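The file structure_33.cif contains mmCIF, C-alpha atoms:
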```
data_query
loop_
_atom_site.label_atom_id
_atom_site.label_comp_id
_atom_site.auth_asym_id
_atom_site.auth_seq_id
_atom_site.Cartn_x
_atom_site.Cartn_y
_atom_site.Cartn_z
CA MET A 909 -60.87 24.71 -25.22
CA LYS A 910 -57.50 26.37 -25.35
CA SER A 911 -56.09 28.90 -22.96
CA LEU A 912 -54.66 31.71 -25.09
CA THR A 913 -53.12 35.01 -24.12
CA VAL A 914 -54.22 37.67 -26.58
CA ARG A 915 -52.26 40.92 -26.81
CA TYR A 916 -53.77 44.03 -28.39
CA PHE A 917 -51.82 46.88 -29.98
CA ALA A 918 -52.48 50.51 -30.92
CA MET A 919 -56.14 50.94 -31.92
CA PHE A 920 -57.03 47.42 -30.79
CA ARG A 921 -55.60 48.09 -27.32
CA GLU A 922 -57.44 51.39 -27.03
CA ASN A 923 -60.71 49.80 -28.09
CA ALA A 924 -60.29 46.82 -25.77
CA GLY A 925 -59.23 49.06 -22.88
CA ILE A 926 -56.60 46.48 -21.96
CA ALA A 927 -53.24 45.46 -23.39
CA GLU A 928 -53.75 41.73 -22.95
CA GLU A 929 -56.01 39.08 -21.55
CA THR A 930 -56.08 35.34 -21.23
CA LEU A 931 -59.10 33.71 -22.80
CA GLN A 932 -60.49 30.20 -23.09
CA LEU A 933 -61.32 29.80 -26.76
CA GLU A 934 -62.37 27.12 -29.21
CA ALA A 935 -59.83 28.27 -31.77
CA GLU A 936 -57.90 26.31 -34.35
CA THR A 937 -56.19 29.15 -36.18
CA ALA A 938 -55.03 32.72 -35.65
CA ALA A 939 -58.02 33.86 -37.72
CA ASP A 940 -60.35 32.15 -35.22
CA VAL A 941 -58.77 34.24 -32.45
CA PHE A 942 -59.19 37.43 -34.50
CA PHE A 943 -62.90 36.81 -35.00
CA ALA A 944 -63.48 35.58 -31.44
CA THR A 945 -62.02 38.80 -30.03
CA ARG A 946 -63.49 41.14 -32.61
CA ASP A 947 -66.16 42.39 -30.23
CA ARG A 948 -63.48 43.19 -27.69
CA HIS A 949 -61.26 45.11 -30.06
CA GLY A 950 -64.37 46.76 -31.45
CA SER A 951 -63.06 47.09 -34.95
CA GLY A 952 -64.53 46.70 -38.39
CA GLU A 953 -61.06 46.31 -39.81
CA PRO A 954 -60.97 43.50 -42.37
CA LEU A 955 -58.74 40.58 -41.45
CA GLY A 956 -56.68 41.21 -44.57
CA HIS A 957 -55.57 44.65 -43.34
CA CYS A 958 -54.32 43.29 -40.03
CA LYS A 959 -51.37 41.12 -39.04
CA VAL A 960 -50.76 38.49 -36.41
CA ALA A 961 -47.83 37.03 -34.52
CA ILE A 962 -47.74 33.93 -32.36
CA ASN A 963 -45.21 33.76 -29.51
CA ASP A 964 -43.31 36.73 -30.98
CA VAL A 965 -42.99 35.25 -34.47
CA MET A 966 -44.90 36.73 -37.41
CA ALA A 967 -47.58 34.26 -38.45
CA SER A 968 -50.36 33.93 -41.01
CA TRP A 969 -54.06 33.87 -40.29
CA GLU A 970 -54.07 30.15 -41.16
CA SER A 971 -51.38 29.40 -38.58
CA PRO A 972 -52.58 26.92 -35.93
CA VAL A 973 -52.76 28.03 -32.32
CA SER A 974 -51.94 25.76 -29.38
CA ASP A 975 -52.88 25.79 -25.72
CA GLY A 976 -50.75 28.35 -23.90
CA ASP A 977 -49.84 30.37 -27.00
CA GLU A 978 -49.55 34.14 -26.93
CA VAL A 979 -51.38 35.64 -29.91
CA LEU A 980 -50.49 39.23 -30.89
CA LEU A 981 -53.15 41.09 -32.88
CA PHE A 982 -51.84 43.98 -34.96
CA PRO A 983 -54.18 46.54 -36.54
CA PRO A 984 -53.07 48.01 -39.91
CA VAL A 985 -49.46 49.17 -39.60
CA ALA A 986 -48.28 52.64 -40.57
CA GLY A 987 -44.54 53.00 -40.23
CA GLY A 988 -42.49 55.69 -41.90
CA MET B 197 -10.12 35.11 -51.20
CA LYS B 198 -11.46 38.02 -53.17
CA SER B 199 -12.97 40.74 -51.05
CA CYS B 200 -16.68 40.75 -51.30
CA CYS B 201 -19.31 43.36 -51.20
CA PHE B 202 -21.27 42.00 -48.24
CA ARG B 203 -18.90 43.21 -45.55
CA ARG B 204 -20.65 44.78 -42.63
CA SER B 205 -19.24 46.64 -39.69
CA PRO B 206 -19.14 44.16 -36.83
CA GLY B 207 -21.63 44.91 -34.11
CA ALA B 208 -23.49 47.56 -36.08
CA ASP B 209 -27.22 47.64 -35.46
CA LEU B 210 -28.70 47.45 -38.92
CA ILE B 211 -32.15 48.33 -37.69
CA ARG B 212 -32.79 50.38 -34.59
CA ILE B 213 -35.83 51.86 -32.88
CA ALA B 214 -34.89 55.22 -31.34
CA ASP B 215 -36.68 57.24 -28.68
CA THR B 216 -34.52 60.31 -29.30
CA ALA B 217 -33.91 62.48 -32.37
CA ILE B 218 -32.41 60.88 -35.47
CA ASP B 219 -29.14 62.48 -36.62
CA PRO B 220 -28.85 61.63 -40.34
CA ASP B 221 -25.34 63.10 -40.70
CA ALA B 222 -23.93 60.95 -37.94
CA LEU B 223 -25.70 57.87 -39.31
CA ARG B 224 -24.46 58.55 -42.82
CA ARG B 225 -20.85 58.63 -41.64
CA GLN B 226 -21.23 55.07 -40.37
CA LEU B 227 -21.74 53.92 -43.95
CA PHE B 228 -18.47 55.35 -45.28
CA ASP B 229 -16.32 52.72 -46.96
CA PRO B 230 -13.29 53.06 -49.23
CA ALA B 231 -15.06 50.81 -51.74
CA ALA B 232 -18.24 52.91 -51.78
CA GLY B 233 -18.77 55.18 -54.74
CA ALA B 234 -22.38 55.91 -53.91
CA TYR B 235 -24.59 56.67 -50.97
CA CYS B 236 -28.35 56.93 -51.02
CA GLY B 237 -30.29 58.17 -48.02
CA PHE B 238 -33.98 58.57 -47.30
CA GLU B 239 -35.52 60.60 -44.51
CA GLY B 240 -39.22 60.45 -43.70
CA TRP B 241 -40.41 63.69 -42.07
CA ILE B 242 -43.50 64.57 -40.11
CA ARG B 243 -45.73 66.79 -42.26
CA ASN B 244 -48.50 69.09 -41.14
CA LEU B 245 -51.29 67.83 -43.39
CA ASN B 246 -52.85 64.42 -43.94
CA GLU B 247 -56.01 63.82 -45.94
CA GLY B 248 -57.14 67.40 -45.53
CA GLU B 249 -56.62 67.53 -41.76
CA THR B 250 -54.07 69.82 -40.14
CA VAL B 251 -51.73 67.65 -38.12
CA LEU B 252 -50.12 69.13 -35.00
CA ARG B 253 -47.97 66.19 -33.90
CA LEU B 254 -48.00 62.46 -33.91
CA GLU B 255 -47.07 59.48 -31.87
CA TYR B 256 -45.45 56.26 -33.03
CA GLU B 257 -46.13 53.05 -31.19
CA VAL B 258 -43.61 50.31 -31.94
CA TYR B 259 -43.63 46.70 -30.89
CA LYS B 260 -39.87 46.49 -30.67
CA PRO B 261 -39.12 42.75 -30.57
CA LEU B 262 -40.86 42.14 -33.88
CA ALA B 263 -40.05 45.50 -35.45
CA VAL B 264 -36.38 44.65 -35.03
CA SER B 265 -36.60 41.04 -36.21
CA GLU B 266 -38.78 41.95 -39.20
CA GLY B 267 -36.49 44.90 -40.00
CA GLU B 268 -33.48 42.58 -39.97
CA LYS B 269 -35.27 40.35 -42.47
CA VAL B 270 -35.97 43.34 -44.73
CA LEU B 271 -32.31 44.39 -44.65
CA ALA B 272 -31.16 40.83 -45.40
CA GLU B 273 -33.56 40.67 -48.35
CA ALA B 274 -32.27 44.02 -49.65
CA ALA B 275 -28.68 42.74 -49.40
CA GLU B 276 -29.59 39.70 -51.42
CA LYS B 277 -31.66 41.47 -54.07
CA PHE B 278 -29.47 44.56 -54.47
CA PRO B 279 -25.95 43.71 -53.28
CA HIS B 280 -24.42 46.73 -51.54
CA LEU B 281 -21.77 47.51 -48.94
CA HIS B 282 -23.70 48.77 -45.92
CA ALA B 283 -27.30 49.56 -45.07
CA GLN B 284 -28.97 50.80 -41.94
CA CYS B 285 -32.40 51.93 -40.86
CA VAL B 286 -33.53 53.86 -37.79
CA HIS B 287 -37.19 54.40 -36.92
CA ARG B 288 -38.48 56.70 -34.18
CA GLU B 289 -40.97 55.88 -31.49
CA GLY B 290 -42.84 58.21 -29.17
CA LEU B 291 -44.11 61.75 -29.70
CA LEU B 292 -42.86 63.64 -32.78
CA GLU B 293 -43.41 67.19 -33.92
CA ILE B 294 -43.84 68.63 -37.42
CA GLY B 295 -40.53 68.50 -39.29
CA ASP B 296 -39.01 65.78 -37.14
CA CYS B 297 -37.30 62.88 -38.86
CA ALA B 298 -39.44 59.79 -38.30
CA VAL B 299 -37.40 57.26 -40.24
CA TRP B 300 -33.98 57.18 -41.87
CA VAL B 301 -32.58 54.65 -44.34
CA GLY B 302 -29.05 54.79 -45.71
CA VAL B 303 -27.24 52.54 -48.16
CA SER B 304 -23.68 52.69 -49.51
CA SER B 305 -22.48 50.71 -52.50
CA PRO B 306 -19.82 50.79 -55.20
CA HIS B 307 -22.29 52.20 -57.74
CA ARG B 308 -25.51 54.21 -57.47
CA ASP B 309 -28.03 51.74 -58.90
CA GLU B 310 -27.80 49.29 -56.00
CA ALA B 311 -27.84 52.14 -53.47
CA PHE B 312 -31.05 53.61 -54.93
CA GLN B 313 -32.75 50.24 -55.31
CA ALA B 314 -31.83 48.88 -51.89
CA CYS B 315 -32.86 52.13 -50.20
CA ARG B 316 -36.22 52.11 -51.96
CA TYR B 317 -36.81 48.45 -51.12
CA ILE B 318 -35.99 48.96 -47.45
CA ILE B 319 -38.24 51.98 -46.86
CA ASP B 320 -41.13 50.45 -48.81
CA GLN B 321 -40.99 47.19 -46.84
CA VAL B 322 -40.46 48.91 -43.50
CA LYS B 323 -43.66 50.88 -44.02
CA VAL B 324 -45.84 47.87 -44.74
CA ARG B 325 -44.29 45.09 -42.64
CA LEU B 326 -42.99 46.39 -39.32
CA PRO B 327 -45.39 46.48 -36.37
CA ILE B 328 -45.40 50.26 -36.08
CA TRP B 329 -48.50 52.43 -35.68
CA LYS B 330 -48.96 56.13 -36.11
CA LYS B 331 -51.48 58.20 -34.20
CA GLU B 332 -52.09 61.69 -35.53
CA PHE B 333 -53.28 64.60 -33.39
CA TYR B 334 -55.25 67.17 -35.37
CA ALA B 335 -55.85 70.89 -35.00
CA SER B 336 -59.55 70.05 -34.63
CA GLY B 337 -58.78 68.28 -31.35
CA ASP B 338 -59.45 64.85 -32.83
CA SER B 339 -56.90 62.12 -33.13
CA GLY B 340 -56.72 59.03 -35.26
CA TRP B 341 -54.70 55.95 -36.00
CA VAL B 342 -53.42 56.20 -39.55
CA ASN B 343 -54.66 53.41 -41.85
CA CYS B 344 -57.34 52.42 -39.34
CA GLU B 345 -60.43 54.53 -38.75
CA ARG B 346 -59.91 56.59 -41.88
CA CYS B 347 -58.23 53.75 -43.59
CA ALA B 348 -56.90 52.55 -46.88
CA GLN B 349 -54.58 54.12 -49.40
CA HIS B 350 -51.28 54.82 -47.61
#
```
The structure given in the file should be rewritten as structure tokens.
Amino acid sequence: MKSLTVRYFAMFRENAGIAEETLQLEAETAADVFFATRDRHGSGEPLGHCKVAINDVMASWESPVSDGDEVLLFPPVAGG
Amino acid sequence: MKSCCFRRSPGADLIRIADTAIDPDALRRQLFDPAAGAYCGFEGWIRNLNEGETVLRLEYEVYKPLAVSEGEKVLAEAAEKFPHLHAQCVHREGLLEIGDCAVWVGVSSPHRDEAFQACRYIIDQVKVRLPIWKKEFYASGDSGWVNCERCAQH
């Protein structure tokens, strides 16, 4: 098990009702964290429409996560 | 050493997230350069209609640390792909009303081609890469995150 801090943004934060939480997860990659928290962020958004950052650096869904990491889950962006 | 076209004003913020109104004229003046023969600017405005819904106002949420670092990458890529003199981008956060300027991009260069191309590259990448979200408030009383619940083709 890894202790991971997951931060939710925009729609994900509203759905989760919290901005962040620390979870104990069996997760190898960022994608594992996305799917493990999907019930919390209550979204049917496909993984491919979303983005992820680990410890404030943009990452890919295949990026490995380590104990103590902060994983930032971004729903589809819409700047401009 | 020959003067080169990658000079940048020292200390200038190339990408900035602003919580107050964008002033395109003031921003444009920062790009003046004796070597510049062209300037290209883009302003994104808040419009009152999206996918058939009347929009009253909207709110931008920005995750600043990564919006800035990703924006800096976009500007560096634009400088490499379309060499120009100066480029800057400012994006708003917070509540905006119809007609407000949500994003501004400006590029100056010796000739117009690079200014057009770099400006286009920057705005296109900013829209798809920066962690920025837009929540629209509709005349119907509903609200929605753009690209999420109603999804897709933006």
Identify every residue of chain B that has at least one atom within 10 Å of any atom of chain A, counting only C-alpha atoms, and report the result as a ChimeraX atom specification. /B:239-242,256-259,261-263,265-266,287-289,297-300,319-331,340-345,347-348,350
Record the distance separating atom CA of Tyr916 of chain A and atom CA of Phe333 of chain B, expressed in Å with one decimal. 21.2 Å
Output the residue selection produced by the PyMOL selection byres ((chain A and resi 973) around 12) on the file above, formatted as JSON, numbers by chain. {"A": [909, 910, 911, 912, 913, 914, 933, 934, 935, 936, 937, 938, 939, 940, 941, 942, 960, 961, 962, 963, 967, 968, 969, 970, 971, 972, 974, 975, 976, 977, 978, 979, 980]}
Store the residues picked out above in a file with C-alpha atoms, as a PDB file, keeping the file's coordinate frame.
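To be explicit, this is the file written out as result_21.pdb:
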```
ATOM      1  CA  MET A 909     -60.870  24.710 -25.220  1.00  0.00           C
ATOM      2  CA  LYS A 910     -57.500  26.370 -25.350  1.00  0.00           C
ATOM      3  CA  SER A 911     -56.090  28.900 -22.960  1.00  0.00           C
ATOM      4  CA  LEU A 912     -54.660  31.710 -25.090  1.00  0.00           C
ATOM      5  CA  THR A 913     -53.120  35.010 -24.120  1.00  0.00           C
ATOM      6  CA  VAL A 914     -54.220  37.670 -26.580  1.00  0.00           C
ATOM      7  CA  LEU A 933     -61.320  29.800 -26.760  1.00  0.00           C
ATOM      8  CA  GLU A 934     -62.370  27.120 -29.210  1.00  0.00           C
ATOM      9  CA  ALA A 935     -59.830  28.270 -31.770  1.00  0.00           C
ATOM     10  CA  GLU A 936     -57.900  26.310 -34.350  1.00  0.00           C
ATOM     11  CA  THR A 937     -56.190  29.150 -36.180  1.00  0.00           C
ATOM     12  CA  ALA A 938     -55.030  32.720 -35.650  1.00  0.00           C
ATOM     13  CA  ALA A 939     -58.020  33.860 -37.720  1.00  0.00           C
ATOM     14  CA  ASP A 940     -60.350  32.150 -35.220  1.00  0.00           C
ATOM     15  CA  VAL A 941     -58.770  34.240 -32.450  1.00  0.00           C
ATOM     16  CA  PHE A 942     -59.190  37.430 -34.500  1.00  0.00           C
ATOM     17  CA  VAL A 960     -50.760  38.490 -36.410  1.00  0.00           C
ATOM     18  CA  ALA A 961     -47.830  37.030 -34.520  1.00  0.00           C
ATOM     19  CA  ILE A 962     -47.740  33.930 -32.360  1.00  0.00           C
ATOM     20  CA  ASN A 963     -45.210  33.760 -29.510  1.00  0.00           C
ATOM     21  CA  ALA A 967     -47.580  34.260 -38.450  1.00  0.00           C
ATOM     22  CA  SER A 968     -50.360  33.930 -41.010  1.00  0.00           C
ATOM     23  CA  TRP A 969     -54.060  33.870 -40.290  1.00  0.00           C
ATOM     24  CA  GLU A 970     -54.070  30.150 -41.160  1.00  0.00           C
ATOM     25  CA  SER A 971     -51.380  29.400 -38.580  1.00  0.00           C
ATOM     26  CA  PRO A 972     -52.580  26.920 -35.930  1.00  0.00           C
ATOM     27  CA  SER A 974     -51.940  25.760 -29.380  1.00  0.00           C
ATOM     28  CA  ASP A 975     -52.880  25.790 -25.720  1.00  0.00           C
ATOM     29  CA  GLY A 976     -50.750  28.350 -23.900  1.00  0.00           C
ATOM     30  CA  ASP A 977     -49.840  30.370 -27.000  1.00  0.00           C
ATOM     31  CA  GLU A 978     -49.550  34.140 -26.930  1.00  0.00           C
ATOM     32  CA  VAL A 979     -51.380  35.640 -29.910  1.00  0.00           C
ATOM     33  CA  LEU A 980     -50.490  39.230 -30.890  1.00  0.00           C
TER      34      LEU A 980
END
```
Expressed in Å to a single decimal, how great is the separation between atom CA of Ile318 of chain B and atom CA of Val301 of chain B?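 Value for the atom CA of Ile318 of chain B-atom CA of Val301 of chain B distance: 7.3 Å.
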Quick one: pull the distance between atom CA of Ala927 of chain A and atom CA of Gly267 of chain B, Å, one decimal. 23.6 Å
Can you tell me, as AutoDock Vina command-line options, the centre and edge lengths (Å, one decimal) of the axis-aligned box enclosing all of segment 300-303 of chain B's listed atoms after padding each side by 3 Å?
```
--center_x -30.6 --center_y 54.9 --center_z -45.0 --size_x 12.7 --size_y 10.6 --size_z 12.3
```
Looking at A:Leu981, A:Phe943, A:Gly956, A:Arg948, which one is nearest to Ile926 of chain A, with distances taken over all atoms listed in the file? A:Arg948
For the file shown, what are the residues hit by the PyMOL selection byres ((chain B and resi 283) around 9), laid out as a ChimeraX atom specification? /B:204,210-211,227,271,274-275,280-282,284-285,301-305,311,314-315
Expected file: the selected residues, C-alpha atoms, as a PDB file, in the frame of the given file:
```
ATOM      1  CA  ARG B 204     -20.650  44.780 -42.630  1.00  0.00           C
ATOM      2  CA  LEU B 210     -28.700  47.450 -38.920  1.00  0.00           C
ATOM      3  CA  ILE B 211     -32.150  48.330 -37.690  1.00  0.00           C
ATOM      4  CA  LEU B 227     -21.740  53.920 -43.950  1.00  0.00           C
ATOM      5  CA  LEU B 271     -32.310  44.390 -44.650  1.00  0.00           C
ATOM      6  CA  ALA B 274     -32.270  44.020 -49.650  1.00  0.00           C
ATOM      7  CA  ALA B 275     -28.680  42.740 -49.400  1.00  0.00           C
ATOM      8  CA  HIS B 280     -24.420  46.730 -51.540  1.00  0.00           C
ATOM      9  CA  LEU B 281     -21.770  47.510 -48.940  1.00  0.00           C
ATOM     10  CA  HIS B 282     -23.700  48.770 -45.920  1.00  0.00           C
ATOM     11  CA  GLN B 284     -28.970  50.800 -41.940  1.00  0.00           C
ATOM     12  CA  CYS B 285     -32.400  51.930 -40.860  1.00  0.00           C
ATOM     13  CA  VAL B 301     -32.580  54.650 -44.340  1.00  0.00           C
ATOM     14  CA  GLY B 302     -29.050  54.790 -45.710  1.00  0.00           C
ATOM     15  CA  VAL B 303     -27.240  52.540 -48.160  1.00  0.00           C
ATOM     16  CA  SER B 304     -23.680  52.690 -49.510  1.00  0.00           C
ATOM     17  CA  SER B 305     -22.480  50.710 -52.500  1.00  0.00           C
ATOM     18  CA  ALA B 311     -27.840  52.140 -53.470  1.00  0.00           C
ATOM     19  CA  ALA B 314     -31.830  48.880 -51.890  1.00  0.00           C
ATOM     20  CA  CYS B 315     -32.860  52.130 -50.200  1.00  0.00           C
TER      21      CYS B 315
END
```
